[in-house]
Structures are given as structure tokens and as C-alpha cells.
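Asker: So here's my_file_0.txt, just compact mmCIF, C-alpha atoms:
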# COMPACT_ATOMS: atom_id res chain seq x y z
CA MET A 24 0.00 0.00 0.00
CA LEU A 25 1.29 3.41 -0.93
CA ILE A 26 1.53 6.17 1.61
CA ILE A 27 1.19 9.58 0.07
CA ARG A 28 1.89 12.65 2.16
CA VAL A 29 0.91 16.16 1.09
CA TYR A 30 2.71 18.87 3.05
CA GLY A 31 1.01 22.25 3.24
CA PRO A 32 -0.49 24.59 5.81
CA GLY A 33 -3.92 24.46 4.24
CA CYS A 34 -3.90 27.14 1.60
CA SER A 35 -5.87 26.68 -1.60
CA ARG A 36 -2.94 25.31 -3.59
CA CYS A 37 -2.26 22.65 -0.97
CA GLU A 38 -5.91 21.63 -0.92
CA LYS A 39 -5.77 21.33 -4.67
CA ALA A 40 -2.66 19.16 -4.49
CA PHE A 41 -4.46 16.89 -2.04
CA ASP A 42 -7.52 16.57 -4.28
CA THR A 43 -5.33 15.90 -7.30
CA MET A 44 -3.55 13.04 -5.52
CA ASP A 45 -6.86 11.66 -4.37
CA GLU A 46 -8.22 11.69 -7.91
CA ALA A 47 -4.97 10.21 -9.28
CA LEU A 48 -5.06 7.37 -6.76
CA THR A 49 -8.57 6.47 -7.88
CA GLN A 50 -7.62 6.66 -11.55
CA ALA A 51 -4.51 4.55 -11.07
CA GLY A 52 -6.54 1.95 -9.21
CA VAL A 53 -3.72 1.50 -6.72
CA GLU A 54 -4.27 0.91 -3.05
CA GLY A 55 -3.01 3.76 -0.96
CA ARG A 56 -3.57 6.27 1.75
CA ILE A 57 -3.18 10.04 1.58
CA GLU A 58 -2.12 12.06 4.60
CA LYS A 59 -2.29 15.79 5.01
CA VAL A 60 0.67 17.23 6.90
CA SER A 61 0.04 20.76 8.10
CA ASP A 62 2.27 20.89 11.18
CA VAL A 63 5.11 23.35 10.70
CA GLN A 64 7.64 21.33 12.68
CA GLU A 65 6.83 18.24 10.61
CA MET A 66 7.36 20.28 7.49
CA VAL A 67 10.67 21.65 8.63
CA ARG A 68 11.81 18.15 9.56
CA ALA A 69 11.11 17.07 6.01
CA ALA A 70 13.04 20.10 4.67
CA VAL A 71 9.95 21.57 3.09
CA ILE A 72 10.43 25.23 2.21
CA ALA A 73 7.92 25.78 -0.54
CA THR A 74 4.52 24.21 -0.25
CA PRO A 75 2.88 22.02 -1.35
CA VAL A 76 5.32 19.12 -1.26
CA ILE A 77 4.15 15.65 -2.24
CA GLU A 78 5.87 12.53 -0.98
CA ILE A 79 5.12 8.95 -2.03
CA ASP A 80 6.51 6.24 0.27
CA GLY A 81 9.02 8.71 1.66
CA ARG A 82 10.26 9.89 -1.73
CA VAL A 83 9.60 13.51 -2.73
CA VAL A 84 7.96 13.67 -6.14
CA CYS A 85 6.95 17.29 -6.33
CA ARG A 86 7.93 20.54 -4.64
CA GLY A 87 6.29 23.94 -4.57
CA ARG A 88 3.66 23.37 -7.24
CA THR A 89 0.37 21.63 -7.83
CA PRO A 90 0.71 18.77 -10.31
CA GLY A 91 -1.74 17.69 -12.97
CA VAL A 92 -3.71 14.49 -12.46
CA SER A 93 -2.04 12.58 -15.34
CA GLU A 94 1.39 13.46 -13.96
CA ALA A 95 0.35 12.28 -10.51
CA VAL A 96 -0.98 9.00 -11.93
CA THR A 97 2.47 8.34 -13.45
CA TRP A 98 4.17 8.88 -10.07
CA ILE A 99 1.73 6.56 -8.36
CA MET A 100 2.17 3.85 -11.01
CA ASN A 101 5.97 4.11 -10.75
CA ALA A 102 5.88 3.93 -6.98
CA ALA A 103 3.49 0.98 -7.09
CA ALA A 104 5.76 -0.84 -9.55
CA GLN A 105 8.73 -0.29 -7.24
CA GLU A 106 6.84 -1.58 -4.27
CA GLU A 107 6.21 -4.95 -5.89
CA MET B 30 10.19 -0.03 -48.83
CA ASN B 31 6.64 -0.97 -49.72
CA VAL B 32 3.79 1.44 -50.09
CA GLU B 33 2.54 1.08 -46.53
CA GLU B 34 5.97 1.73 -45.04
CA LYS B 35 6.34 4.72 -47.28
CA THR B 36 3.05 6.22 -46.17
CA ALA B 37 4.05 5.64 -42.58
CA GLU B 38 7.38 7.35 -43.25
CA VAL B 39 5.66 10.31 -44.90
CA SER B 40 3.20 10.74 -42.07
CA ARG B 41 6.06 10.55 -39.55
CA THR B 42 7.91 13.39 -41.29
CA ALA B 43 4.66 15.28 -41.45
CA VAL B 44 4.21 14.82 -37.73
CA ALA B 45 7.78 15.94 -37.07
CA ARG B 46 7.22 18.99 -39.25
CA THR B 47 4.01 19.98 -37.52
CA SER B 48 5.63 19.65 -34.11
CA VAL B 49 8.46 21.99 -35.18
CA LEU B 50 5.86 24.37 -36.56
CA LYS B 51 3.90 24.03 -33.34
CA ARG B 52 6.95 24.84 -31.25
CA THR B 53 8.12 27.94 -33.11
CA GLY B 54 5.36 29.03 -35.47
CA MET B 55 2.42 28.88 -33.11
CA PRO B 56 3.89 31.02 -30.31
CA ALA B 57 5.06 33.64 -32.83
CA LEU B 58 1.63 33.69 -34.43
CA LEU B 59 -0.04 34.00 -31.04
CA VAL B 60 2.16 36.94 -30.07
CA VAL B 61 1.41 38.74 -33.37
CA ALA B 62 -2.32 38.09 -32.96
CA TRP B 63 -2.13 39.30 -29.35
CA TYR B 64 -0.42 42.51 -30.44
CA LEU B 65 -2.91 43.22 -33.24
CA VAL B 66 -5.89 42.75 -30.94
CA TYR B 67 -4.22 44.83 -28.23
CA ARG B 68 -3.60 47.70 -30.66
CA SER B 69 -7.20 47.77 -31.83
CA LEU B 70 -8.78 47.90 -28.36
CA GLN B 71 -9.05 51.68 -28.13
CA PRO B 72 -10.61 52.14 -31.62
CA ALA B 73 -12.98 49.29 -30.84
CA ALA B 74 -13.99 50.85 -27.50
CA ASP B 75 -14.47 54.26 -29.17
CA TRP B 76 -16.52 52.72 -31.95
CA LEU B 77 -18.74 50.87 -29.48
CA THR B 78 -19.40 53.74 -27.10
CA TYR B 79 -19.54 56.69 -29.49
CA SER B 80 -20.82 55.19 -32.76
CA VAL B 81 -22.91 52.19 -31.80
CA LEU B 82 -24.34 53.52 -28.54
CA GLY B 83 -24.23 57.11 -29.69
CA LEU B 84 -22.84 58.55 -26.43
CA THR B 85 -20.79 61.72 -26.51
CA LYS B 86 -17.19 61.89 -25.35
CA THR B 87 -17.87 64.58 -22.80
CA SER B 88 -20.88 62.93 -21.17
CA HIS B 89 -20.52 61.14 -17.82
CA ALA B 90 -21.94 57.89 -19.18
CA GLY B 91 -19.84 58.07 -22.33
CA SER B 92 -16.49 58.53 -20.63
CA THR B 93 -17.35 55.96 -17.94
CA LEU B 94 -18.34 53.30 -20.42
CA ASN B 95 -15.45 54.02 -22.76
CA PHE B 96 -12.99 53.72 -19.88
CA PHE B 97 -14.47 50.39 -18.81
CA VAL B 98 -14.77 48.86 -22.28
CA PHE B 99 -11.18 49.78 -23.09
CA GLU B 100 -9.47 49.05 -19.78
CA VAL B 101 -10.96 45.62 -18.99
CA PRO B 102 -9.73 43.75 -22.08
CA LYS B 103 -6.48 45.73 -22.10
CA VAL B 104 -5.54 44.90 -18.53
CA LEU B 105 -6.63 41.27 -18.86
CA MET B 106 -4.56 40.84 -22.02
CA LEU B 107 -1.51 42.38 -20.36
CA LEU B 108 -2.05 40.16 -17.33
CA VAL B 109 -2.17 36.97 -19.38
CA ILE B 110 1.05 37.67 -21.25
CA VAL B 111 3.04 38.94 -18.25
CA VAL B 112 1.85 36.26 -15.83
CA PHE B 113 2.74 33.65 -18.44
CA GLY B 114 6.22 35.12 -18.86
CA VAL B 115 6.77 35.44 -15.11
CA GLY B 116 5.54 31.85 -14.63
CA MET B 117 8.19 30.65 -17.07
CA ILE B 118 10.94 32.75 -15.47
CA ARG B 119 9.98 31.46 -12.04
CA SER B 120 10.48 27.88 -13.14
CA PHE B 121 14.21 28.72 -13.07
CA PHE B 122 14.15 30.00 -9.49
CA THR B 123 12.89 27.45 -7.04
CA PRO B 124 12.97 28.45 -3.36
CA GLU B 125 15.57 25.71 -2.87
CA ARG B 126 17.86 27.28 -5.44
CA THR B 127 17.31 30.75 -3.98
CA ARG B 128 18.25 29.43 -0.58
CA ALA B 129 21.42 27.88 -2.01
CA ILE B 130 22.33 31.22 -3.64
CA LEU B 131 21.76 33.16 -0.43
CA ALA B 132 23.46 30.72 1.94
CA GLY B 133 26.83 32.02 3.01
CA ARG B 134 26.18 35.58 1.79
CA ARG B 135 27.05 38.41 4.11
CA GLU B 136 24.68 41.21 4.96
CA SER B 137 24.45 44.21 2.59
CA ALA B 138 25.18 42.26 -0.60
CA GLY B 139 22.94 39.54 0.81
CA ASN B 140 20.10 42.01 1.37
CA VAL B 141 20.30 43.26 -2.22
CA LEU B 142 20.39 39.76 -3.64
CA ALA B 143 17.57 38.57 -1.37
CA ALA B 144 15.31 41.43 -2.44
CA LEU B 145 16.02 40.76 -6.12
CA LEU B 146 15.40 37.03 -5.71
CA GLY B 147 12.19 37.89 -3.86
CA ILE B 148 10.79 39.14 -7.17
CA VAL B 149 11.51 36.06 -9.25
CA THR B 150 11.12 33.26 -6.72
CA PRO B 151 7.64 31.77 -6.59
CA PHE B 152 6.24 32.57 -3.18
CA CYS B 153 2.92 32.06 -1.50
CA SER B 154 2.50 33.73 1.87
CA CYS B 155 1.14 30.47 3.27
CA SER B 156 4.60 28.94 3.02
CA ALA B 157 6.27 31.90 4.72
CA VAL B 158 6.99 29.88 7.88
CA PRO B 159 8.63 26.81 6.36
CA LEU B 160 10.57 29.13 4.07
CA PHE B 161 11.73 31.25 6.99
CA MET B 162 12.86 28.10 8.83
CA GLY B 163 14.62 26.78 5.78
CA PHE B 164 16.49 30.05 5.28
CA VAL B 165 17.51 30.45 8.91
CA GLN B 166 18.76 26.89 9.08
CA ALA B 167 20.86 27.36 5.99
CA GLY B 168 22.67 30.08 7.98
CA ILE B 169 21.13 32.98 6.08
CA PRO B 170 21.15 36.05 8.38
CA LEU B 171 17.83 37.23 9.80
CA GLY B 172 17.95 40.60 8.02
CA VAL B 173 18.65 38.97 4.65
CA THR B 174 15.77 36.53 5.14
CA LEU B 175 13.46 39.44 5.95
CA SER B 176 14.59 41.36 2.87
CA PHE B 177 13.35 38.38 0.90
CA LEU B 178 10.10 38.17 2.81
CA ILE B 179 9.42 41.88 2.29
CA ALA B 180 10.20 41.94 -1.43
CA ALA B 181 8.34 38.75 -2.34
CA PRO B 182 4.80 39.98 -1.69
CA MET B 183 5.47 43.70 -2.18
CA ILE B 184 6.76 43.46 -5.74
CA ASN B 185 4.03 41.62 -7.42
CA GLU B 186 3.58 40.92 -11.12
CA VAL B 187 -0.13 41.72 -11.10
CA ALA B 188 0.52 45.17 -9.60
CA LEU B 189 3.33 45.68 -12.08
CA VAL B 190 1.06 44.92 -15.03
CA LEU B 191 -1.69 47.19 -13.76
CA LEU B 192 0.66 50.08 -13.08
CA PHE B 193 2.28 49.65 -16.48
CA GLY B 194 -1.07 49.40 -18.21
CA MET B 195 -2.62 52.40 -16.50
CA PHE B 196 0.31 54.77 -15.89
CA GLY B 197 3.06 53.67 -18.24
CA TRP B 198 6.51 52.23 -17.74
CA LYS B 199 7.88 55.06 -15.60
CA VAL B 200 5.50 54.50 -12.72
CA ALA B 201 5.93 50.73 -13.06
CA ALA B 202 9.71 51.12 -12.85
CA ILE B 203 9.40 53.45 -9.85
CA TYR B 204 7.24 50.87 -8.14
CA VAL B 205 9.81 48.09 -8.61
CA ALA B 206 12.73 50.33 -7.63
CA THR B 207 11.12 51.67 -4.46
CA GLY B 208 9.84 48.21 -3.50
CA LEU B 209 13.38 46.86 -3.79
CA PHE B 210 14.76 49.83 -1.88
CA ILE B 211 12.37 49.30 1.04
CA ALA B 212 13.06 45.57 1.16
CA ILE B 213 16.83 46.06 1.10
CA VAL B 214 16.97 48.89 3.64
CA ALA B 215 14.37 47.47 6.03
CA GLY B 216 16.09 44.05 6.02
CA TRP B 217 19.46 45.69 6.54
CA ILE B 218 18.21 47.79 9.47
CA ILE B 219 16.64 44.77 11.14
CA GLY B 220 19.92 42.93 10.67
CA ARG B 221 21.85 45.80 12.29
CA LEU B 222 19.47 45.85 15.26
CA LYS B 223 20.54 42.28 16.14
CA LEU B 224 17.05 41.07 16.88
CA GLU B 225 17.78 37.35 16.73
CA ARG B 226 16.67 37.02 20.35
CA PHE B 227 13.14 37.85 19.21
CA VAL B 228 12.96 34.81 17.00
CA GLU B 229 11.15 31.96 18.74
CA GLU B 230 13.72 29.72 20.45
CA TRP B 231 12.58 26.53 18.82
CA VAL B 232 13.56 27.86 15.40
CA TYR B 233 17.26 27.70 16.28
CA GLU B 234 17.02 24.56 18.36
CA PHE B 235 15.24 22.63 15.73
CA GLN B 236 17.41 20.27 13.76
CA ALA B 237 16.05 19.74 10.32
CA ASN B 238 16.67 17.01 7.90
CA ALA B 239 19.43 18.66 5.93
CA ALA B 240 19.21 16.14 3.13
CA GLY B 241 19.81 17.91 -0.13
CA PHE B 242 17.31 17.73 -2.89
CA SER B 243 18.35 17.66 -6.50
CA ALA B 244 15.91 19.67 -8.53
CA GLU B 245 14.13 17.78 -11.24
CA GLU B 246 15.37 18.70 -14.68
CA MET B 247 12.82 20.77 -16.51
CA THR B 248 12.43 20.87 -20.26
CA TRP B 249 11.19 23.91 -22.16
CA ALA B 250 7.85 22.21 -22.58
CA ASP B 251 7.66 21.93 -18.76
CA ARG B 252 8.43 25.62 -18.39
CA VAL B 253 5.70 26.53 -20.88
CA GLU B 254 3.37 24.37 -18.81
CA GLU B 255 4.46 26.29 -15.70
CA GLY B 256 3.58 29.53 -17.49
CA LYS B 257 0.15 28.20 -18.42
CA THR B 258 -0.47 27.01 -14.87
CA ALA B 259 0.46 30.46 -13.57
CA VAL B 260 -2.04 32.06 -15.95
CA ARG B 261 -4.75 29.61 -14.88
CA GLU B 262 -4.04 30.07 -11.18
CA ILE B 263 -3.38 33.81 -11.02
CA VAL B 264 -5.49 35.30 -13.80
CA GLY B 265 -8.24 32.80 -13.01
CA LYS B 266 -8.27 34.12 -9.45
CA VAL B 267 -7.83 37.86 -9.91
CA TRP B 268 -9.96 38.63 -12.96
CA PRO B 269 -13.17 39.37 -11.01
CA TYR B 270 -11.23 41.86 -8.85
CA VAL B 271 -9.77 43.48 -11.94
CA VAL B 272 -13.19 43.89 -13.52
CA ALA B 273 -14.73 45.17 -10.27
CA GLY B 274 -11.78 47.50 -9.67
CA ILE B 275 -11.99 48.92 -13.18
CA ALA B 276 -15.77 49.33 -12.82
CA VAL B 277 -15.24 51.45 -9.69
CA GLY B 278 -12.40 53.24 -11.45
CA ALA B 279 -14.62 53.91 -14.45
CA GLY B 280 -17.33 55.35 -12.21
CA ILE B 281 -14.84 57.70 -10.57
CA HIS B 282 -13.38 58.54 -13.97
CA GLY B 283 -16.73 59.59 -15.37
CA TYR B 284 -18.63 61.03 -12.42
CA VAL B 285 -16.26 62.41 -9.79
CA PRO B 286 -15.35 66.01 -10.62
CA GLN B 287 -11.81 66.90 -11.66
CA GLY B 288 -9.61 67.85 -8.73
CA PHE B 289 -12.00 66.39 -6.18
CA MET B 290 -9.32 64.25 -4.56
CA ALA B 291 -6.77 67.03 -4.55
CA SER B 292 -7.93 68.35 -1.19
CA ILE B 293 -7.91 64.91 0.48
CA MET B 294 -5.10 63.04 -1.21
CA GLY B 295 -3.24 65.93 -2.80
CA LYS B 296 0.31 67.10 -2.18
CA SER B 297 -0.59 69.94 0.10
CA ALA B 298 -2.12 67.69 2.76
CA TRP B 299 0.97 66.64 4.77
CA TRP B 300 -1.00 64.09 6.74
CA ALA B 301 -2.24 62.27 3.64
CA VAL B 302 0.74 59.91 3.35
CA PRO B 303 0.72 58.65 6.95
CA ALA B 304 -3.06 58.39 6.79
CA ALA B 305 -2.78 56.31 3.61
CA VAL B 306 -0.25 53.97 5.26
CA VAL B 307 -2.23 53.63 8.49
CA MET B 308 -5.35 52.82 6.50
CA GLY B 309 -3.53 50.50 4.14
CA VAL B 310 -1.72 48.20 6.59
CA PRO B 311 -4.76 46.46 8.11
CA MET B 312 -6.47 46.33 4.73
CA TYR B 313 -5.79 43.21 2.82
CA SER B 314 -6.56 43.10 -0.82
CA ASN B 315 -4.75 41.89 -3.84
CA ALA B 316 -3.12 44.33 -6.19
CA ALA B 317 -5.67 43.57 -8.87
CA GLY B 318 -8.53 45.23 -7.03
CA ILE B 319 -6.66 48.19 -5.66
CA VAL B 320 -4.69 49.54 -8.64
CA PRO B 321 -7.62 50.45 -10.91
CA VAL B 322 -9.22 52.40 -8.06
CA ILE B 323 -5.98 54.20 -7.39
CA SER B 324 -5.56 55.03 -11.04
CA ALA B 325 -8.91 56.74 -11.06
CA LEU B 326 -8.11 58.64 -7.84
CA LEU B 327 -4.86 59.85 -9.38
CA GLY B 328 -6.77 61.13 -12.36
CA LYS B 329 -8.79 63.30 -10.01
CA GLY B 330 -5.87 64.99 -8.35
CA ALA B 331 -4.60 62.55 -5.71
CA ALA B 332 -0.81 62.74 -5.44
CA LEU B 333 1.25 59.87 -6.87
CA GLY B 334 3.31 59.34 -3.70
CA THR B 335 0.22 59.13 -1.52
CA ALA B 336 -1.45 56.68 -3.87
CA LEU B 337 1.69 54.50 -4.15
CA ALA B 338 2.10 54.48 -0.37
CA PHE B 339 -1.47 53.34 0.03
CA MET B 340 -1.07 50.55 -2.49
CA MET B 341 2.24 49.32 -1.07
CA SER B 342 0.93 49.17 2.47
CA VAL B 343 -2.14 47.26 1.33
CA ILE B 344 -0.28 44.59 -0.65
CA GLY B 345 3.14 44.61 1.04
CA LEU B 346 2.10 44.43 4.66
CA SER B 347 -0.71 42.03 5.18
CA LEU B 348 -2.34 40.95 8.38
CA PRO B 349 -2.60 37.24 7.42
CA GLU B 350 1.12 37.08 6.70
CA THR B 351 2.09 38.65 10.02
CA ILE B 352 -0.21 36.23 11.82
CA ILE B 353 1.48 33.33 10.05
CA LEU B 354 4.93 34.72 10.92
CA ARG B 355 3.96 34.94 14.57
CA LYS B 356 4.70 31.19 14.74
CA VAL B 357 8.40 31.89 14.30
CA LEU B 358 8.80 35.52 15.36
CA LYS B 359 8.02 37.10 18.71
CA VAL B 360 5.62 40.04 18.88
CA GLN B 361 8.46 42.53 19.35
CA LEU B 362 10.15 41.47 16.13
CA ILE B 363 6.87 41.54 14.21
CA ALA B 364 6.28 45.06 15.50
CA VAL B 365 9.74 46.14 14.35
CA PHE B 366 9.17 44.42 11.00
CA VAL B 367 5.85 46.17 10.37
CA GLY B 368 7.19 49.46 11.76
CA VAL B 369 10.33 49.55 9.63
CA VAL B 370 8.50 48.61 6.44
CA ALA B 371 5.68 51.09 7.10
CA PHE B 372 8.26 53.80 7.76
CA GLY B 373 9.99 52.94 4.47
CA ILE B 374 6.69 53.23 2.61
CA LEU B 375 6.07 56.56 4.31
CA ILE B 376 9.40 57.94 3.11
CA VAL B 377 8.73 56.72 -0.43
CA GLY B 378 5.33 58.42 -0.36
CA TYR B 379 6.74 61.77 0.74
CA LEU B 380 9.65 61.48 -1.67
CA PHE B 381 7.35 61.04 -4.65
CA ASN B 382 5.07 63.83 -3.61
CA ILE B 383 8.11 66.11 -3.52
CA ILE B 384 9.61 64.93 -6.82
CA PHE B 385 6.45 64.79 -8.94
Could the structure of this file be written out as C-alpha cells, please?

Answerer:
Amino acid sequence: MLIIRVYGPGCSRCEKAFDTMDEALTQAGVEGRIEKVSDVQEMVRAAVIATPVIEIDGRVVCRGRTPGVSEAVTWIMNAAAQEE
Amino acid sequence: MNVEEKTAEVSRTAVARTSVLKRTGMPALLVVAWYLVYRSLQPAADWLTYSVLGLTKTSHAGSTLNFFVFEVPKVLMLLVIVVFGVGMIRSFFTPERTRAILAGRRESAGNVLAALLGIVTPFCSCSAVPLFMGFVQAGIPLGVTLSFLIAAPMINEVALVLLFGMFGWKVAAIYVATGLFIAIVAGWIIGRLKLERFVEEWVYEFQANAAGFSAEEMTWADRVEEGKTAVREIVGKVWPYVVAGIAVGAGIHGYVPQGFMASIMGKSAWWAVPAAVVMGVPMYSNAAGIVPVISALLGKGAALGTALAFMMSVIGLSLPETIILRKVLKVQLIAVFVGVVAFGILIVGYLFNIIF
């Protein structure tokens, strides 16, 4: 199961990133869980300086921008392939 | 090579050709089309208001409507092209790269560089705290970090477009130059005051994961995508404010008598600049809504310095951002931050009222 983390304090762009990952997960048909991380200390620990940051299984896939759904599906598929 | 292979070959070359055409021809064509439409906006607005609707140039309704019909498409067209360009430029300057450039810089030169990078680095005030932490932990001095945090919201591409569109390049250049000046000087002063003790303790105690991050390689197609995303996100968000702002501006343009603002916001009223700053700081609006209103006020005799001071304090010092920064800065430091920046804006306001 993939663990996707979306770092962001809750601004509109971060919400959008979360929704995009949610949609992408459904489209990819991969089992996974999405977590919202809005705690500043958590963010700093993960060296986040521009939000949103998206992490799949501990690997950062995107920093400081909101991805498109198709792009996100590719990341999820790649991560799922690696997990197997 | 049989016939089928040949056809496949031909269609492949055709595809290759169209993609080259798409990459170079299409953008060039779009720019030319953009320019032609842009040039014909004023004649079109004149034709609509004076010929089709039969209003006279001197009437209130005529000049109001003409102003609105001309300014709305003009400003929106300028916005699209500039936001697209800025979006592409910003794809070169990630916050991570900016931090790497600033790390190890000394004050003074660091303040100048930080303010300049504040313009081109993508920044959303909601990530002010993680960014602040990231900068401090990279050893960037407090004053330099604040120069960045002042310049990033204050010099804003939407405001730049509006000022350029409504007042010309001189006022736009003045806006950028004074914004940079305030960011550099205010950051430098805060650095000199040695206020590190007013940063929340946990900021310095906190050990972050210093793992480096190699930026993903971007192709030109990616950068074009970034530009398009910027247009969707920014223009998509601000256009209602632009239209509303221009509508108010148009009303003032047509109905408020000439020189009406001179007594309130004119040069002779010494208290106008501080009043504008005091009113502007707690107000929080985006540049898109405020500039068209200001442009109309200027047309009625408000002084340029007063109007600029008002705009800068509205967009440069925002309540939400200071509340967010409270997580990492103590109240005293926030007060100094707001005070120094407001004072800088005040000086700029007076300076322009004296010069112009």
C-alpha cells in the first residue's frame, strides 16, 4: 500500500494538491492512503520550504507546485511498480 | 520499402514537421495576434461607445463606459502575457535554489540579492513559515531573510502589469525600484538591530533534515506548462477583482469632478501619506482590485506618492502574513518588521510627492 503525504499549511494550492492526488489514486486503481501534513515542525523536519510538497513512500515527487492528475498518476504507477 | 511503409514514413515526417511548426510558429503567431488585438482595443472601444451607442465623449456615461470597455480587455490581455512570462521565469528559481544562492552571503550584498530574488522566486505567503525556517537553518542572516520576505509579496507581477497598463513604464519602474529599496533597507536595518533574540527559540534549536534535494530537470515544454499554470491560477483568481476595480475606477473617472481628490489626497495635505499607510496596513486586498481604483483617484488629483504608499501598504504588509509569521517571530520582532517597512513606505510616499 502506498503512503502519500501532502505537506502544506492548508492554503488553496495545498488543498488542490491533495484533491489531485486523491483523484490520481482512484484513476490509477492502486491501493493507498493520503495524509495531510500541516504541522510546521513536521514540514521543517522534512526540509519543506515551498509548499505544497508531495511525498510517495518517503520519496519527494513534487515541490512547490500543484501537479496535474495525469502526472500524478504516473508517479503513483511508478511507486506501485517499485513496491512490488 | 513498400507502399505502406512509405506512407508511414511520410506521415512521420509530417508529424515531425508539424511539431516543429507548433513549437516555433504557433507562439510567434499568437504573439502577433495578441499585439494586433491589443492595438485595436481603443478604436474598438471608441466605436462601441460613441458610434454604436451614440454617447458623446464629454458625457458622464460616455467617458465611464469608454474607460471600462477599453481598460478591462487591455488589462486582462496584459495580465495573461506577463503572468505567463513570469511563470516561465519562475520555473528557473525554485525556493531551494534561492536558498542555495543566499546561503553564506554576508549582509548588505545579501540584502540586495535577497530582495532581487524575492521578485523572481515563486512565493505564496502560506509557506512563509517553512521558508523562513529553511532560510535560517541554511545560515542565512535574519535581516537577509526578511529582505526576501518583504520583497516577495510587495513586488508583485499583477501590480506591475496594472501600473504599467494604466500609468506607463515610468511609474511601473518606480514601483519596482522603491519596493526593492524598502526591502533592502528594512532588512538591513533589522539585521543591524541584532534582533535574533526575538525569533522563537525553537527555530534555532530545531534540527532539520538537511538532506539535499536535486531539482528535477525541466524541459522547455515543462516551463511553458508552468507559465500556463500560472495564468490559470493567477489570472483565473484575480480577474473578477480586476473587472470590479476597473468598474469602480470607471465610475470615478466619469462622475467624480476633476480635482475632487486634490484636497484629500493631494500634495498639500501633509498628513495624507501617513493616513494612507495607516489605512492600508490592516487592509488586505490583492493588487488587482486596488490599482484600478488608485488610477482613477490619481486622475482626479490625488498625489502619486500618496497613492503609491497606500497601495504598497495594502499589498506589502498584510495581516494574514504577520499572523502566520507569529509562529516563528516574537511580537516585538513583528512590530519592528511592520514598523520599519511602514516607515519605508512613508518615506517613499513623501519622496514622490516632492519629486512629482

Asker: Have a look at A:Val71, A:Met44, A:Gln64, A:Ile77 and name the one nearest to A:Arg28; count only C-alpha atoms.

Answerer: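 So, comparing all the options, the nearest one is A:Ile77.
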
Asker: Per residue of chain A within 10 Å of chain B, note the shortest atom pair and the distance in Å to one decimal, counting all atoms listed in the file, and order the rows by chain and increasing residue number, as a tab-separated table.

Answerer:
residue	atom	partner	partner_atom	distance
A:Gly31	CA	B:Ser156	CA	7.6
A:Pro32	CA	B:Cys155	CA	6.6
A:Gly33	CA	B:Cys155	CA	7.9
A:Cys34	CA	B:Cys155	CA	6.3
A:Ser35	CA	B:Cys155	CA	9.3
A:Arg36	CA	B:Glu262	CA	9.0
A:Cys37	CA	B:Cys155	CA	9.5
A:Asp62	CA	B:Pro159	CA	9.9
A:Val63	CA	B:Pro159	CA	6.6
A:Gln64	CA	B:Phe235	CA	8.3
A:Glu65	CA	B:Ala237	CA	9.3
A:Met66	CA	B:Pro159	CA	6.7
A:Val67	CA	B:Ala237	CA	6.0
A:Arg68	CA	B:Ala237	CA	4.6
A:Ala69	CA	B:Asn238	CA	5.9
A:Ala70	CA	B:Asn238	CA	5.8
A:Val71	CA	B:Pro159	CA	6.3
A:Ile72	CA	B:Leu160	CA	4.3
A:Ala73	CA	B:Ser156	CA	5.8
A:Thr74	CA	B:Ser156	CA	5.8
A:Pro75	CA	B:Ser156	CA	8.4
A:Val83	CA	B:Phe242	CA	8.8
A:Val84	CA	B:Glu245	CA	9.0
A:Cys85	CA	B:Glu245	CA	8.7
A:Arg86	CA	B:Thr123	CA	8.8
A:Gly87	CA	B:Thr123	CA	7.9
A:Arg88	CA	B:Glu255	CA	9.0
A:Thr89	CA	B:Thr258	CA	8.9
A:Pro90	CA	B:Thr258	CA	9.5
A:Gly91	CA	B:Thr258	CA	9.6

Asker: Of the residues B:Leu191, B:Ala202, B:Val228, B:Ile383, which is the one nearest to B:Gly318, using all atoms listed in the file?

Answerer: B:Leu191

Asker: Determine, counting all atoms listed in the file, every residue of protein, DNA or RNA that lies within 8 Å of (18.8, 43.2, 7.9) in the file coordinates, then give the result as a list in words.

Answerer: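 Within the cut-off we find Glu136, Ser137, Asn140, Pro170, Leu171, Gly172, Val173, Thr174, Leu175, Ser176, Ile213, Val214, Ala215, Gly216, Trp217, Ile218, Ile219, Gly220, Arg221 and Leu222 of chain B.
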
Asker: Around the point (2.3, -0.3, -4.9) (coordinates from the file), which residues reach within 7 Å if we count only C-alpha atoms? Answer as a PyMOL selection string.

Answerer: chain A and resi 24-25+53-54+102-107

Asker: How big is the axis-aligned box, and where does its centre sit, when it encloses all atoms of stretch 69-83 of chain A listed in the file and has 8 Å added on every side, reported in Å to one decimal as AutoDock Vina command-line options?

Answerer:
--center_x 8.0 --center_y 16.0 --center_z 1.6 --size_x 26.2 --size_y 35.5 --size_z 24.7
